[in-house]
>>> print(open('protein.cif').read())   # mmCIF, C-alpha atoms
data_upload
#
loop_
_atom_site.label_atom_id
_atom_site.label_comp_id
_atom_site.auth_asym_id
_atom_site.auth_seq_id
_atom_site.Cartn_x
_atom_site.Cartn_y
_atom_site.Cartn_z
CA MET A 208 111.44 107.06 113.23
CA LYS A 209 109.17 107.11 110.19
CA TYR A 210 110.79 104.75 107.66
CA SER A 211 112.47 101.36 107.66
CA ILE A 212 114.04 100.31 104.36
CA ILE A 213 114.07 96.52 103.97
CA VAL A 214 116.41 94.93 101.41
CA PRO A 215 116.74 91.14 100.91
CA VAL A 216 120.06 90.16 99.32
CA TYR A 217 121.27 87.05 97.57
CA ASN A 218 124.84 87.02 96.19
CA ARG A 219 124.88 90.69 95.17
CA PRO A 220 127.40 92.63 97.29
CA ASP A 221 128.25 95.06 94.47
CA GLU A 222 124.61 96.03 94.05
CA VAL A 223 124.21 96.56 97.79
CA ASP A 224 127.22 98.89 97.73
CA GLU A 225 125.59 101.10 95.09
CA LEU A 226 122.25 101.10 96.90
CA LEU A 227 123.75 102.02 100.26
CA GLU A 228 125.84 104.75 98.67
CA SER A 229 122.68 106.29 97.22
CA LEU A 230 120.97 106.08 100.63
CA CYS A 231 123.80 108.12 102.15
CA SER A 232 122.82 111.02 99.86
CA GLN A 233 119.13 111.16 100.78
CA THR A 234 117.94 114.66 101.67
CA LEU A 235 115.62 113.17 104.30
CA LYS A 236 117.56 111.36 107.03
CA ASP A 237 114.86 109.88 109.28
CA PHE A 238 115.19 106.23 108.27
CA GLU A 239 116.90 102.97 109.08
CA VAL A 240 118.17 100.31 106.69
CA VAL A 241 117.67 96.59 107.31
CA ILE A 242 119.77 94.31 105.10
CA VAL A 243 118.78 90.63 105.18
CA GLU A 244 121.36 88.24 103.71
CA ASP A 245 119.35 85.29 102.37
CA GLY A 246 121.94 82.52 102.70
CA SER A 247 124.33 84.05 100.15
CA GLN A 248 127.59 82.41 99.10
CA LYS A 249 128.89 85.94 98.40
CA PRO A 250 127.86 87.87 101.52
CA CYS A 251 127.72 91.67 101.66
CA LYS A 252 128.76 91.98 105.33
CA ASP A 253 132.00 93.81 104.45
CA VAL A 254 130.06 96.22 102.24
CA CYS A 255 127.59 96.95 105.04
CA ASP A 256 130.43 97.53 107.50
CA LYS A 257 131.64 100.41 105.28
CA TYR A 258 128.39 102.28 105.93
CA ALA A 259 127.82 101.29 109.56
CA ASN A 260 128.94 104.68 110.88
CA ILE A 261 127.10 106.65 108.18
CA LEU A 262 123.68 105.01 108.10
CA ASP A 263 121.41 103.57 110.77
CA LEU A 264 122.16 100.16 109.30
CA HIS A 265 121.24 96.70 110.60
CA TYR A 266 122.67 93.60 108.92
CA TYR A 267 121.24 90.08 109.40
CA ASN A 268 122.41 86.79 107.92
CA LYS A 269 120.00 83.84 107.73
CA GLU A 270 119.46 80.58 105.86
CA ASN A 271 118.03 80.83 102.36
CA SER A 272 114.24 81.00 102.31
CA GLY A 273 113.48 83.25 99.34
CA PRO A 274 112.91 87.00 99.03
CA GLY A 275 109.45 87.12 100.58
CA GLN A 276 110.39 85.37 103.81
CA SER A 277 113.57 87.45 104.02
CA ARG A 278 111.52 90.64 103.83
CA ASN A 279 109.29 89.33 106.62
CA TYR A 280 112.40 88.60 108.67
CA GLY A 281 113.55 92.19 108.19
CA VAL A 282 110.18 93.75 108.98
CA GLU A 283 109.98 91.78 112.24
CA ARG A 284 113.13 93.62 113.33
CA ALA A 285 112.20 97.05 111.91
CA GLN A 286 111.25 100.10 113.99
CA GLY A 287 109.73 102.48 111.43
CA ASP A 288 106.09 103.47 111.08
CA TYR A 289 106.33 102.66 107.36
CA VAL A 290 108.42 99.92 105.78
CA ILE A 291 109.81 100.48 102.30
CA ILE A 292 110.65 97.31 100.39
CA LEU A 293 113.45 97.65 97.82
CA ASP A 294 115.26 95.13 95.65
CA SER A 295 119.03 95.09 95.91
CA ASP A 296 119.40 96.07 92.23
CA VAL A 297 117.96 99.57 92.61
CA VAL A 298 119.65 102.93 93.18
CA LEU A 299 117.78 105.87 94.69
CA PRO A 300 117.91 109.48 93.51
CA ASN A 301 118.73 111.95 96.29
CA GLY A 302 115.14 113.08 96.70
CA TYR A 303 113.46 109.67 96.81
CA LEU A 304 112.55 109.66 100.51
CA GLU A 305 111.70 113.36 100.40
CA ALA A 306 109.20 112.60 97.62
CA VAL A 307 107.66 109.75 99.64
CA ASN A 308 107.45 111.88 102.77
CA SER A 309 105.88 114.83 100.92
CA LYS A 310 103.14 112.61 99.48
CA LEU A 311 102.40 111.05 102.85
CA GLN A 312 102.38 114.43 104.60
CA ALA A 313 99.96 115.78 101.99
CA SER A 314 97.58 112.92 102.88
CA ASN A 315 98.16 113.48 106.61
CA PHE A 316 99.75 110.01 106.59
CA SER A 317 96.42 108.39 105.72
CA VAL A 318 97.93 106.40 102.81
CA GLN A 319 98.34 102.79 103.91
CA SER A 320 100.40 101.49 100.98
CA PHE A 321 102.24 102.99 98.02
CA GLY A 322 104.80 102.36 95.32
CA GLY A 323 106.68 104.14 92.58
CA PRO A 324 107.95 103.59 89.03
CA ASP A 325 111.44 102.77 87.82
CA ALA A 326 113.81 104.29 85.29
CA THR A 327 117.21 103.74 83.67
CA HIS A 328 120.38 105.53 84.72
CA PRO A 329 122.83 106.92 82.12
CA SER A 330 125.54 104.69 83.62
CA PHE A 331 123.62 101.50 82.84
CA THR A 332 125.14 99.20 80.23
CA PRO A 333 123.51 99.02 76.77
CA ILE A 334 122.05 95.60 77.65
CA GLN A 335 120.57 96.94 80.90
CA LYS A 336 119.02 99.85 79.00
CA ALA A 337 117.62 97.49 76.38
CA ILE A 338 116.15 95.22 79.05
CA SER A 339 114.65 98.23 80.83
CA TYR A 340 113.12 99.37 77.55
CA SER A 341 111.57 95.95 76.97
CA MET A 342 109.99 96.01 80.44
CA THR A 343 108.52 99.50 80.16
CA SER A 344 107.76 100.06 76.47
CA PHE A 345 104.27 100.54 75.05
CA PHE A 346 105.27 98.05 72.34
CA THR A 347 105.92 95.22 74.82
CA THR A 348 104.16 94.90 78.18
CA GLY A 349 104.97 98.29 79.65
CA GLY A 350 101.31 99.13 80.06
CA ILE A 351 100.79 96.00 82.16
CA ARG A 352 103.39 96.96 84.72
CA GLY A 353 101.88 100.29 85.70
CA GLY A 354 103.62 103.63 86.01
CA LYS A 355 100.77 105.69 84.62
CA LYS A 356 99.22 108.41 86.70
CA LYS A 357 95.65 107.32 85.94
CA LEU A 358 95.10 103.79 87.15
CA ASP A 359 91.94 102.16 88.49
CA LYS A 360 94.07 99.99 90.75
CA PHE A 361 97.78 100.12 91.39
CA TYR A 362 99.71 97.07 92.55
CA PRO A 363 103.19 97.96 93.86
CA ARG A 364 106.13 95.72 93.02
CA SER A 365 108.91 94.71 95.38
CA PHE A 366 111.53 96.86 93.70
CA ASN A 367 109.76 99.95 95.10
CA MET A 368 106.96 99.26 97.58
CA GLY A 369 105.90 100.91 100.84
CA ILE A 370 103.31 100.00 103.47
CA ARG A 371 102.47 100.92 107.05
CA ARG A 372 104.25 98.46 109.32
CA ASP A 373 101.15 97.61 111.35
CA ILE A 374 99.22 96.74 108.17
CA TYR A 375 102.14 94.64 106.92
CA GLN A 376 102.03 92.67 110.17
CA GLU A 377 98.24 92.46 110.10
CA LEU A 378 98.35 90.83 106.65
CA GLY A 379 101.20 88.50 107.56
CA GLY A 380 103.62 89.95 105.03
CA PHE A 381 104.79 87.95 102.04
CA THR A 382 103.91 84.30 101.47
CA LYS A 383 106.35 81.49 100.63
CA MET A 384 105.91 82.03 96.89
CA ARG A 385 109.35 82.37 95.28
CA PHE A 386 108.11 84.37 92.27
CA GLY A 387 105.12 86.68 92.02
CA GLU A 388 105.12 87.04 95.81
CA ASP A 389 105.04 90.84 95.55
CA ILE A 390 101.96 90.83 93.30
CA ASP A 391 100.33 88.32 95.64
CA PHE A 392 100.98 90.68 98.56
CA SER A 393 99.60 93.64 96.59
CA TYR A 394 96.47 91.65 95.78
CA ARG A 395 96.01 90.82 99.46
CA ILE A 396 96.45 94.48 100.40
CA VAL A 397 93.62 95.43 98.04
CA GLU A 398 91.45 92.47 99.08
CA ALA A 399 91.79 93.62 102.71
CA GLY A 400 90.18 96.94 101.77
CA TYR A 401 93.30 99.09 101.43
CA GLN A 402 94.14 101.05 98.29
CA PRO A 403 97.81 101.31 97.31
CA GLN A 404 98.74 104.68 95.82
CA LEU A 405 101.13 105.41 92.98
CA PHE A 406 103.75 108.04 93.86
CA PRO A 407 105.15 109.01 90.42
CA GLU A 408 107.82 111.28 91.93
CA ALA A 409 109.18 108.47 94.14
CA TRP A 410 110.96 106.61 91.36
CA VAL A 411 114.11 104.49 91.44
CA TRP A 412 116.82 103.51 89.00
CA HIS A 413 116.34 99.80 88.42
CA LYS A 414 119.21 97.77 86.96
CA ARG A 415 117.30 94.49 86.60
CA ARG A 416 119.37 91.74 84.91
CA THR A 417 122.77 92.20 83.29
CA ASP A 418 122.52 89.64 80.47
CA PHE A 419 119.83 87.98 78.38
CA ARG A 420 120.25 84.53 79.96
CA LYS A 421 119.48 85.84 83.46
CA PHE A 422 116.71 88.02 82.04
CA PHE A 423 115.10 85.04 80.32
CA ARG A 424 115.08 83.08 83.58
CA GLN A 425 113.51 86.02 85.41
CA VAL A 426 110.66 86.53 82.95
CA TYR A 427 110.16 82.77 82.54
CA ASN A 428 109.55 82.53 86.27
CA SER A 429 107.20 85.52 86.06
CA GLY A 430 105.16 83.63 83.46
CA ILE A 431 104.98 80.65 85.80
CA ALA A 432 103.87 82.94 88.63
CA ARG A 433 100.91 84.33 86.69
CA ILE A 434 99.00 81.03 86.74
CA ASN A 435 99.90 80.52 90.40
CA LEU A 436 98.53 84.00 91.15
CA GLU A 437 95.27 83.20 89.36
CA LYS A 438 94.92 80.04 91.44
CA ARG A 439 95.44 82.06 94.64
CA HIS A 440 93.33 85.03 93.51
CA PRO A 441 90.64 83.87 91.05
CA GLY A 442 89.64 86.51 88.53
CA THR A 443 92.96 88.36 88.52
CA LEU A 444 94.07 86.81 85.22
CA LYS A 445 93.18 89.38 82.57
CA LEU A 446 93.21 89.23 78.79
CA VAL A 447 96.29 91.45 78.71
CA HIS A 448 98.25 88.82 80.69
CA LEU A 449 97.72 86.39 77.80
CA LEU A 450 99.40 88.65 75.23
CA PRO A 451 102.94 87.32 75.75
CA THR A 452 101.66 83.76 75.28
CA VAL A 453 99.78 84.74 72.12
CA PHE A 454 102.93 86.49 70.92
CA THR A 455 105.02 83.39 71.67
CA LEU A 456 102.69 81.07 69.78
CA GLY A 457 102.53 83.59 66.93
CA VAL A 458 106.32 83.77 66.62
CA ILE A 459 106.59 79.98 66.66
CA GLY A 460 103.89 79.77 63.97
CA LEU A 461 105.63 82.37 61.78
CA LEU A 462 108.98 80.59 62.09
CA LEU A 463 107.34 77.29 61.14
CA LEU A 464 105.75 79.02 58.13
CA PHE A 465 109.14 80.37 57.13
CA GLY A 466 110.69 76.91 57.55
CA LEU A 467 107.99 75.38 55.37
CA GLY A 468 108.54 78.06 52.75
CA ALA A 469 112.30 77.49 52.74
CA SER A 470 111.74 73.75 52.36
CA LEU A 471 109.35 74.23 49.44
CA TYR A 472 111.72 76.67 47.77
CA GLY A 473 114.65 74.26 48.18
CA TYR A 474 112.55 71.39 46.86
CA GLY A 475 111.60 73.49 43.84
CA GLU A 476 115.26 74.21 43.11
CA TRP A 477 116.02 70.51 43.36
CA LEU A 478 113.27 69.75 40.82
CA ASP A 479 114.65 72.36 38.42
CA THR A 480 118.18 71.06 38.81
CA TYR A 481 117.18 67.58 37.69
CA GLY A 482 114.68 68.78 35.08
CA LEU A 483 111.72 67.26 36.83
CA ARG A 484 108.40 68.94 35.92
CA PRO A 485 110.02 72.33 35.19
CA GLU A 486 107.00 73.41 33.15
CA ASP A 487 104.62 73.48 36.12
CA ASN A 488 106.95 73.74 39.11
CA MET A 489 105.09 75.97 41.60
CA HIS A 490 107.15 75.03 44.62
CA GLN A 491 109.60 77.91 44.42
CA GLY A 492 106.85 80.53 44.08
CA VAL A 493 104.79 79.15 46.94
CA GLY A 494 107.90 78.74 49.03
CA MET A 495 108.89 82.36 48.49
CA VAL A 496 105.42 83.56 49.51
CA PHE A 497 105.54 81.51 52.71
CA CYS A 498 109.02 82.84 53.53
CA VAL A 499 107.85 86.44 53.11
CA LEU A 500 104.68 85.86 55.16
CA GLY A 501 106.75 84.24 57.90
CA LEU A 502 109.45 86.91 58.12
CA LEU A 503 107.65 90.17 57.27
CA PRO A 504 105.66 90.55 60.54
CA LEU A 505 108.77 89.79 62.61
CA LEU A 506 110.89 92.29 60.65
CA PHE A 507 108.17 94.93 60.92
CA TYR A 508 107.85 94.51 64.68
CA SER A 509 111.63 94.46 65.12
CA SER A 510 111.92 97.70 63.14
CA ILE A 511 109.38 99.43 65.36
CA LEU A 512 111.25 98.33 68.48
CA CYS A 513 114.61 99.42 67.13
CA ILE A 514 113.43 102.85 65.97
CA ASP A 515 111.47 103.63 69.14
CA SER A 516 114.22 102.47 71.51
CA SER A 517 116.95 104.22 69.52
CA ILE A 518 115.07 107.51 69.80
CA LYS A 519 114.28 107.13 73.50
CA ASN A 520 117.77 105.96 74.47
CA LYS A 521 119.59 108.14 71.90
CA SER A 522 121.57 105.09 70.83
CA LEU A 523 121.23 102.88 67.77
CA TRP A 524 123.12 100.11 69.58
CA VAL A 525 120.62 100.10 72.44
CA GLY A 526 117.87 100.12 69.82
CA LEU A 527 119.30 97.01 68.17
CA LEU A 528 119.73 95.26 71.52
CA SER A 529 116.13 96.09 72.37
CA ILE A 530 114.99 93.64 69.68
CA PRO A 531 116.37 90.49 71.38
CA ALA A 532 115.47 91.99 74.77
CA ALA A 533 111.81 92.36 73.78
CA PHE A 534 111.63 88.88 72.24
CA THR A 535 113.32 87.44 75.34
CA GLN A 536 110.86 89.21 77.63
CA LEU A 537 107.70 88.26 75.75
CA MET A 538 108.64 84.71 74.80
CA GLY A 539 110.27 83.92 78.13
CA TYR A 540 107.11 84.98 79.93
CA GLY A 541 104.93 83.16 77.39
CA LEU A 542 106.84 79.88 77.69
CA GLY A 543 106.74 80.04 81.49
CA PHE A 544 103.00 80.72 81.34
CA ILE A 545 102.46 77.70 79.07
CA GLU A 546 104.47 75.39 81.37
CA SER A 547 102.56 76.60 84.42
CA TRP A 548 99.20 76.27 82.65
CA TRP A 549 100.05 72.69 81.66
CA LYS A 550 101.18 71.63 85.12
CA ARG A 551 98.60 73.50 87.20
CA CYS A 552 95.50 73.42 84.95
CA ILE A 553 95.93 70.22 82.92
CA LEU A 554 97.96 67.95 85.20
CA LYS A 555 96.30 69.49 88.30
CA GLN A 556 99.54 69.68 90.27
CA ASP A 557 99.69 71.99 93.26
CA GLU A 558 101.97 75.03 93.32
CA PHE A 559 104.77 73.52 95.40
CA THR A 560 104.77 70.07 93.76
CA ALA A 561 104.67 71.47 90.22
CA PHE A 562 107.69 73.69 90.72
CA GLU A 563 109.63 71.94 93.47
CA LYS A 564 112.61 71.51 91.13
CA ASN A 565 112.48 75.18 90.04
CA PHE A 566 111.99 76.95 93.35
CA TYR A 567 111.50 74.75 96.40
CA LYS A 568 114.57 72.52 96.49
#
>>> encode(input="protein.cif", output="structure tokens")
Amino acid sequence: MKYSIIVPVYNRPDEVDELLESLCSQTLKDFEVVIVEDGSQKPCKDVCDKYANILDLHYYNKENSGPGQSRNYGVERAQGDYVIILDSDVVLPNGYLEAVNSKLQASNFSVQSFGGPDATHPSFTPIQKAISYSMTSFFTTGGIRGGKKKLDKFYPRSFNMGIRRDIYQELGGFTKMRFGEDIDFSYRIVEAGYQPQLFPEAWVWHKRRTDFRKFFRQVYNSGIARINLEKRHPGTLKLVHLLPTVFTLGVIGLLLLFGLGASLYGYGEWLDTYGLRPEDNMHQGVGMVFCVLGLLPLLFYSSILCIDSSIKNKSLWVGLLSIPAAFTQLMGYGLGFIESWWKRCILKQDEFTAFEKNFYK
């Protein structure tokens, strides 16, 4: 057996159903599926039972320990030469495993680790499409995530990651990090002298989050993880990782400027109403200038997002939703980054103490 597909699950039986259904349609059949239930209150055992006679499927239920430790649990019980790590919110096109196998065959199976990009499916909701746009667009942080064919270094993510099982075991798998654990693992793969490869043809449909509240929490935690990753792997924090934080501070500054302008304008109107210094009242003019300076950059950026997303998704509604999606993604990440920087770099708290309430209850 060449491939073991490892999927940690937490309260997402419907997603597992879609994923397993897509695995039934794979043109390459030499694989097993290992589902690891991570202490869910909504288990997917019944869903897995539906596919037990169709797939080489193994279901395990364990106490909650986070996605990384659940993947390790699954790999310990896997039989394949390569393990493929997937998130439960992905769906595979029919030729996914065929594309992986073709790439590995072409290298005579010398590739130690690999990963692929993600895409949106036509059946995704408008919010899911908008969130996907915000995570992949050139106008947000799409260039940070990878997906380009020409990359100096490629760091696979857990929604679509493969590695030889013996190397996985050699490196000890994922750490106890609750967020950013996949990037940490990718860093350790590279630091051990292996070079993960991007397989552009081995892409997945990735649903990500279904509403902006859940999306905000996800990207907020990703911002927290970036500082933790720098602490674990000094020198990995790049200038581009600071862009969401700069964007966040910029938006806050522009909104404060607009608020100041609105206050000055209102104060000027109050002076005019009561006939106080009407001959040299400059408050309204200055206030209007501040309001324009505060709003114009935000409106310009929002227009770019809307137009670009509307064209790419062929939907004005998705384009409009892409505006709050992009602001949620950038500012959520930026605020998480700022909190983590304050706790880890200023207060000097360690990773587990600083975020015990968030992750390590």
>>> resolve_selection(input="protein.cif", expression="the PyMOL selection byres ((chain A and resi 269) around 12)", output="list of chain:residue names")
A:Pro215, A:Val216, A:Tyr217, A:Ile242, A:Val243, A:Glu244, A:Asp245, A:Gly246, A:Ser247, A:Gln248, A:Pro250, A:Tyr266, A:Tyr267, A:Asn268, A:Glu270, A:Asn271, A:Ser272, A:Gly273, A:Pro274, A:Gln276, A:Ser277, A:Arg278, A:Tyr280, A:Gly281
>>> closest_residue(input="protein.cif", among="A:Val223, A:Val254, A:Leu542, A:Val397", to="Thr455 of chain A", atoms="all atoms listed in the file")
A:Leu542
>>> closest_residue(input="protein.cif", among="A:Ser341, A:Asn260, A:Asn428, A:Thr560", to="Ile530 of chain A", atoms="all atoms listed in the file")
A:Ser341
>>> atom_distance(input="protein.cif", atom1="atom CA of Val426 of chain A", atom2="atom CA of Phe366 of chain A")
14.9 Å
>>> closest_residue(input="protein.cif", among="A:Ile545, A:Val458, A:Cys255, A:Ile213", to="Leu227 of chain A", atoms="only C-alpha atoms")
A:Cys255
>>> resolve_selection(input="protein.cif", expression="the PyMOL selection byres ((chain A and resi 365) around 6)", output="list in words")
Ile292, Leu293, Arg364, Phe366, Asn367, Met368 and Asp389 of chain A
>>> write_last_selection(input="protein.cif", atoms="C-alpha atoms", output="compact mmCIF listing (two decimals), in the coordinates of the input")
# COMPACT_ATOMS: atom_id res chain seq x y z
CA ILE A 292 110.65 97.31 100.39
CA LEU A 293 113.45 97.65 97.82
CA ARG A 364 106.13 95.72 93.02
CA PHE A 366 111.53 96.86 93.70
CA ASN A 367 109.76 99.95 95.10
CA MET A 368 106.96 99.26 97.58
CA ASP A 389 105.04 90.84 95.55
>>> resolve_selection(input="protein.cif", expression="the PyMOL selection byres ((chain A and resi 295) around 6)", output="PyMOL selection string")
chain A and resi 222-223+294+296-297
>>> atom_distance(input="protein.cif", atom1="atom CA of Lys257 of chain A", atom2="atom CA of Gln335 of chain A")
27.0 Å
>>> atom_distance(input="protein.cif", atom1="atom CA of Pro451 of chain A", atom2="atom CA of Phe534 of chain A")
9.5 Å
>>> closest_residue(input="protein.cif", among="A:Lys236, A:Lys252, A:Lys438, A:His328", to="His413 of chain A", atoms="all atoms listed in the file")
A:His328
>>> closest_residue(input="protein.cif", among="A:Ser344, A:Asn301, A:Ser309, A:Asn279", to="Ser229 of chain A", atoms="all atoms listed in the file")
A:Asn301
>>> closest_residue(input="protein.cif", among="A:Leu463, A:Gly543, A:Ser232, A:Val453", to="Gly302 of chain A", atoms="all atoms listed in the file")
A:Ser232
>>> residues_around(input="protein.cif", residues="Ser320 of chain A", least_positions_apart="6", cutoff="7 Å", atoms="only C-alpha atoms", output="list in words")
Gly369, Ile370, Arg371, Gln402, Pro403 and Gln404 of chain A
>>> residues_near_point(input="protein.cif", point="(115.1, 94.5, 67.8)", cutoff="9 Å", atoms="all atoms listed in the file", output="list in words")
Leu506, Tyr508, Ser509, Ser510, Ile511, Leu512, Cys513, Ile514, Ser516, Gly526, Leu527, Leu528, Ser529, Ile530, Pro531, Ala532, Ala533 and Phe534 of chain A
>>> axis_aligned_box(input="protein.cif", around="segment 309-327 of chain A", padding_each_side="5 Å", output="AutoDock Vina command-line options")
--center_x 106.8 --center_y 108.6 --center_z 95.1 --size_x 30.8 --size_y 24.3 --size_z 32.9
>>> residues_around(input="protein.cif", residues="Asn520 of chain A", least_positions_apart="6", cutoff="9 Å", atoms="only C-alpha atoms", output="number ranges by chain")
A: 336-337, 340, 526
>>> write_last_selection(input="protein.cif", atoms="C-alpha atoms", output="PDB file, in the coordinates of the input")
ATOM      1  CA  LYS A 336     119.020  99.850  79.000  1.00  0.00           C
ATOM      2  CA  ALA A 337     117.620  97.490  76.380  1.00  0.00           C
ATOM      3  CA  TYR A 340     113.120  99.370  77.550  1.00  0.00           C
ATOM      4  CA  GLY A 526     117.870 100.120  69.820  1.00  0.00           C
TER       5      GLY A 526
END
